[in-house]
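A.B. asks: Below is a structure I'd like to ask you about.
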Amino acid sequence: MSNKTIHKVIDKNQIYLDVAKLHIDTIKTGFLPTLGIKFLALMYKCIDEAKFSILITNYKDYKLRGFVSGTLGTSNLFKAMLSHPLDLIFVLIPLIFQINKIKKIVNILRYTSDSKRSKFPKSELLTICVHPNYHRQGIGIDLYKKLSKFFKSESVSEFVIIVGQSLNANSFYKKQGAKIVTEIQIHSNINSNLFIQQVN
Ligand SMILES: CC(C)(COP(=O)(O)OP(=O)(O)OC[C@H]1O[C@@H](n2cnc3c(N)ncnc32)[C@H](O)[C@@H]1OP(=O)(O)O)[C@@H](O)C(=O)NCCC(=O)NCCS
């Protein structure tokens, strides 16, 4: 079911909360979940609304089974968040005294212009998550194909995926034909693989 159809029956803000919750529940090792569900819900709202990015969901019986998000990389996601200044202030207030988190947000903001990252295509798969109850049923592949179709419709021939080396998702991306081209460090102590996926 496409996002447009889902939006007729489920409130959009509920979709963003469902997506944020699934992100937090399935990627426990990442930094973004530590920013809280409201921050993530706002981030996914911006991803869904911006012209340069996309959010694709898979719902069944009003339950979110999985989602994928991606960007063309033609603009910065956090700039899009600035277009909701009041919401942004509201989600950032609880973090104001957490200097480490603010530093990590700045790291993420800087990494797209990082000299190593900027050598590769701008388009990127940002996050893919399937609820653990539905793993290995082909939902991940279905979401991945829909994202690839979006990139193809935007005349993008290849996209980047950056994933922590410890995650099982590395096997998933390899199975889809993505190739590891380098290692990258977004945070000082976490090594990630940078994959490139050709769009057919
Ligand atoms: C990665 C993820 C999205 C895969 O979703 P999925 O719906 O289970 O994947 P599929 O059923 O479409 O799997 C397709 C193929 O990928 C490979 N694969 C998927 N999960 C795998 C795993 N945990 N270990 C090894 N291979 C895996 C398999 O080859 C699988 O085919 P098979 O089941 O016939 O062997 C899911 O495991 C997930 O949400 N992980 C947690 C979130 C995460 O780490 N996301 C990536 C960071 S952005």
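Chains: A, B, ... in order of the structure tokens. Residues: from 1 per chain. Ligands: from 1, in order shown.
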Which residues are near region 49-57 of chain A? Cut-off 9 Å, only C-alpha atoms, ignore same chain within fewer than 2 positions. Put them as a PyMOL selection string.
C.D. replies: chain A and resi 1-3+6+15+19+44-47+59+64-77+80+143+146-147+150
A.B. asks: Given the selection you just returned, output its residues as a file containing N, CA and C atoms, formatted as a compact mmCIF listing (two decimals), in the first residue's frame.
C.D. replies:
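Full text of out-v8.txt as output:
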```txt
# COMPACT_ATOMS: atom_id res chain seq x y z
N MET A 1 0.85 -1.20 0.00
CA MET A 1 0.00 0.00 0.00
C MET A 1 0.89 1.25 0.00
N SER A 2 0.57 2.20 -0.85
CA SER A 2 1.42 3.38 -0.93
C SER A 2 1.15 4.32 0.25
N ASN A 3 2.09 5.23 0.50
CA ASN A 3 1.89 6.20 1.58
C ASN A 3 0.60 6.98 1.41
N ILE A 6 -2.33 5.03 2.61
CA ILE A 6 -2.29 4.91 4.06
C ILE A 6 -2.73 6.19 4.74
N ILE A 15 1.74 8.08 11.67
CA ILE A 15 2.71 7.35 10.83
C ILE A 15 4.13 7.73 11.25
N VAL A 19 6.91 5.18 12.72
CA VAL A 19 8.21 5.01 12.06
C VAL A 19 9.34 5.27 13.06
N TYR A 44 11.40 12.28 10.40
CA TYR A 44 10.72 11.51 9.34
C TYR A 44 9.60 12.32 8.68
N LYS A 45 8.98 13.22 9.43
CA LYS A 45 7.98 14.12 8.82
C LYS A 45 8.67 14.96 7.72
N CYS A 46 9.87 15.48 8.07
CA CYS A 46 10.61 16.31 7.11
C CYS A 46 11.06 15.48 5.90
N ILE A 47 11.49 14.23 6.17
CA ILE A 47 11.90 13.36 5.06
C ILE A 47 10.72 13.12 4.12
N TYR A 59 2.41 -1.06 5.79
CA TYR A 59 1.44 -1.31 6.86
C TYR A 59 0.59 -2.53 6.52
N LEU A 64 2.53 -1.05 11.51
CA LEU A 64 3.69 -0.76 10.65
C LEU A 64 4.62 -1.98 10.67
N ARG A 65 4.81 -2.60 9.48
CA ARG A 65 5.70 -3.78 9.41
C ARG A 65 7.12 -3.37 9.03
N GLY A 66 7.26 -2.25 8.32
CA GLY A 66 8.59 -1.83 7.92
C GLY A 66 8.55 -0.50 7.19
N PHE A 67 9.72 0.10 7.05
CA PHE A 67 9.81 1.36 6.29
C PHE A 67 11.22 1.52 5.74
N VAL A 68 11.33 2.34 4.71
CA VAL A 68 12.65 2.73 4.20
C VAL A 68 12.62 4.23 3.92
N SER A 69 13.75 4.90 4.14
CA SER A 69 13.83 6.32 3.79
C SER A 69 15.09 6.54 2.97
N GLY A 70 15.01 7.53 2.10
CA GLY A 70 16.16 7.84 1.25
C GLY A 70 16.19 9.30 0.87
N THR A 71 17.35 9.74 0.39
CA THR A 71 17.48 11.14 -0.02
C THR A 71 18.24 11.24 -1.34
N LEU A 72 17.88 12.25 -2.12
CA LEU A 72 18.64 12.53 -3.34
C LEU A 72 19.92 13.27 -2.99
N GLY A 73 19.98 13.80 -1.76
CA GLY A 73 21.18 14.48 -1.29
C GLY A 73 21.36 15.85 -1.90
N THR A 74 20.30 16.37 -2.54
CA THR A 74 20.43 17.68 -3.20
C THR A 74 20.23 18.82 -2.20
N SER A 75 19.73 18.48 -1.00
CA SER A 75 19.64 19.49 0.05
C SER A 75 19.83 18.78 1.38
N ASN A 76 20.02 19.57 2.45
CA ASN A 76 20.32 18.99 3.74
C ASN A 76 19.05 18.78 4.56
N LEU A 77 18.95 17.58 5.12
CA LEU A 77 17.77 17.21 5.89
C LEU A 77 17.54 18.15 7.09
N ALA A 80 15.85 21.19 6.22
CA ALA A 80 14.39 20.98 6.10
C ALA A 80 13.75 21.02 7.49
N LEU A 143 10.69 -3.17 0.11
CA LEU A 143 10.95 -1.75 0.40
C LEU A 143 12.15 -1.24 -0.41
N LYS A 146 11.26 -0.61 -3.93
CA LYS A 146 10.47 0.61 -4.10
C LYS A 146 11.37 1.85 -4.02
N LEU A 147 12.36 1.80 -3.13
CA LEU A 147 13.29 2.93 -3.03
C LEU A 147 14.11 3.04 -4.33
N PHE A 150 12.13 4.68 -6.94
CA PHE A 150 12.09 6.14 -6.74
C PHE A 150 13.36 6.77 -7.32
```
A.B. asks: Can you list every residue of chain A that has an atom at most 7 Å from ligand 1, with its nearest atom pair and the distance in Å to one decimal, using only C-alpha atoms and all ligand atoms, ordered by chain then number, as a Markdown table?
C.D. replies:
```
| residue | atom | partner | partner_atom_place_in_ligand_line | distance |
| --- | --- | --- | --- | --- |
| A:Thr26 | CA | ligand 1 | 41 (C) | 5.0 |
| A:Ile27 | CA | ligand 1 | 42 (C) | 5.2 |
| A:Leu126 | CA | ligand 1 | 48 (S) | 6.3 |
| A:Thr127 | CA | ligand 1 | 48 (S) | 3.8 |
| A:Ile128 | CA | ligand 1 | 48 (S) | 4.7 |
| A:Cys129 | CA | ligand 1 | 39 (O) | 3.4 |
| A:Val130 | CA | ligand 1 | 39 (O) | 3.7 |
| A:His131 | CA | ligand 1 | 39 (O) | 6.1 |
| A:Pro132 | CA | ligand 1 | 39 (O) | 6.8 |
| A:Tyr134 | CA | ligand 1 | 7 (O) | 6.4 |
| A:His135 | CA | ligand 1 | 8 (O) | 3.3 |
| A:Arg136 | CA | ligand 1 | 11 (O) | 3.0 |
| A:Gln137 | CA | ligand 1 | 11 (O) | 4.2 |
| A:Gly138 | CA | ligand 1 | 12 (O) | 3.4 |
| A:Ile139 | CA | ligand 1 | 7 (O) | 4.0 |
| A:Gly140 | CA | ligand 1 | 7 (O) | 3.4 |
| A:Ile141 | CA | ligand 1 | 12 (O) | 3.8 |
| A:Asp142 | CA | ligand 1 | 12 (O) | 6.6 |
| A:Val163 | CA | ligand 1 | 47 (C) | 5.7 |
| A:Leu167 | CA | ligand 1 | 44 (O) | 5.6 |
| A:Asn168 | CA | ligand 1 | 23 (N) | 4.7 |
| A:Ala169 | CA | ligand 1 | 1 (C) | 4.0 |
| A:Ser171 | CA | ligand 1 | 26 (N) | 4.5 |
| A:Phe172 | CA | ligand 1 | 16 (O) | 3.7 |
| A:Tyr173 | CA | ligand 1 | 16 (O) | 7.0 |
| A:Lys175 | CA | ligand 1 | 29 (O) | 5.4 |
```
A.B. asks: I'd like to know which of A:Val156, A:Leu42, A:Leu194, A:Ile10 is closest to Lys116 (chain A), using only C-alpha atoms.
C.D. replies: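 Once distances to Lys116 (chain A) are computed over only C-alpha atoms, the minimum belongs to A:Leu194.
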A.B. asks: Please list as a ChimeraX atom specification every residue within 10 Å of Phe39 (chain A), counting only C-alpha atoms and excluding residues in the same chain fewer than 4 positions away.
C.D. replies: /A:17,20,32-35,43-45,81,87-92
A.B. asks: Distance CA of Lys21 (chain A)-CA of Gln176 (chain A), one decimal place?
C.D. replies: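 A separation of 25.9 Å between them.
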A.B. asks: Between A:Ile184, A:Val9, A:Ile190, A:Leu22, which one has atoms that come closest to Lys119 (chain A), using only C-alpha atoms?
C.D. replies: A:Ile184
A.B. asks: Enter the distance from CA of Ser192 (chain A) to CA of Ser166 (chain A), in Å, rounded to one decimal.
C.D. replies: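 CA of Ser166 (chain A) lies 8.3 Å from CA of Ser192 (chain A).
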A.B. asks: Using the chain letters and numbers from this document, which residues of region 70-185 of chain A does DSSP assign to strand (DSSP E), as a PyMOL selection string?
C.D. replies: chain A and resi 70-71+124-130+158-164+179-185
A.B. asks: Based on DSSP run over this structure's backbone, return all residues of chain A in alpha helix (DSSP H), as a ChimeraX atom specification.
C.D. replies: /A:3-9,12-26,37-49,77-82,85-92,99-111,139-153,169-175
A.B. asks: Mind pulling up the distance from CA of Arg117 (chain A) to CA of Ile102 (chain A)?
C.D. replies: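 Separating CA of Ile102 (chain A) from CA of Arg117 (chain A) is a distance of 21.2 Å.
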A.B. asks: Quick one: of A:Lys152, A:Lys122, A:Lys145, A:Lys12, who's nearest to Ile196 (chain A), counting only C-alpha atoms?
C.D. replies: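 Going through A:Lys152, A:Lys122, A:Lys145, A:Lys12 one by one, the smallest distance to Ile196 (chain A) is for A:Lys122.
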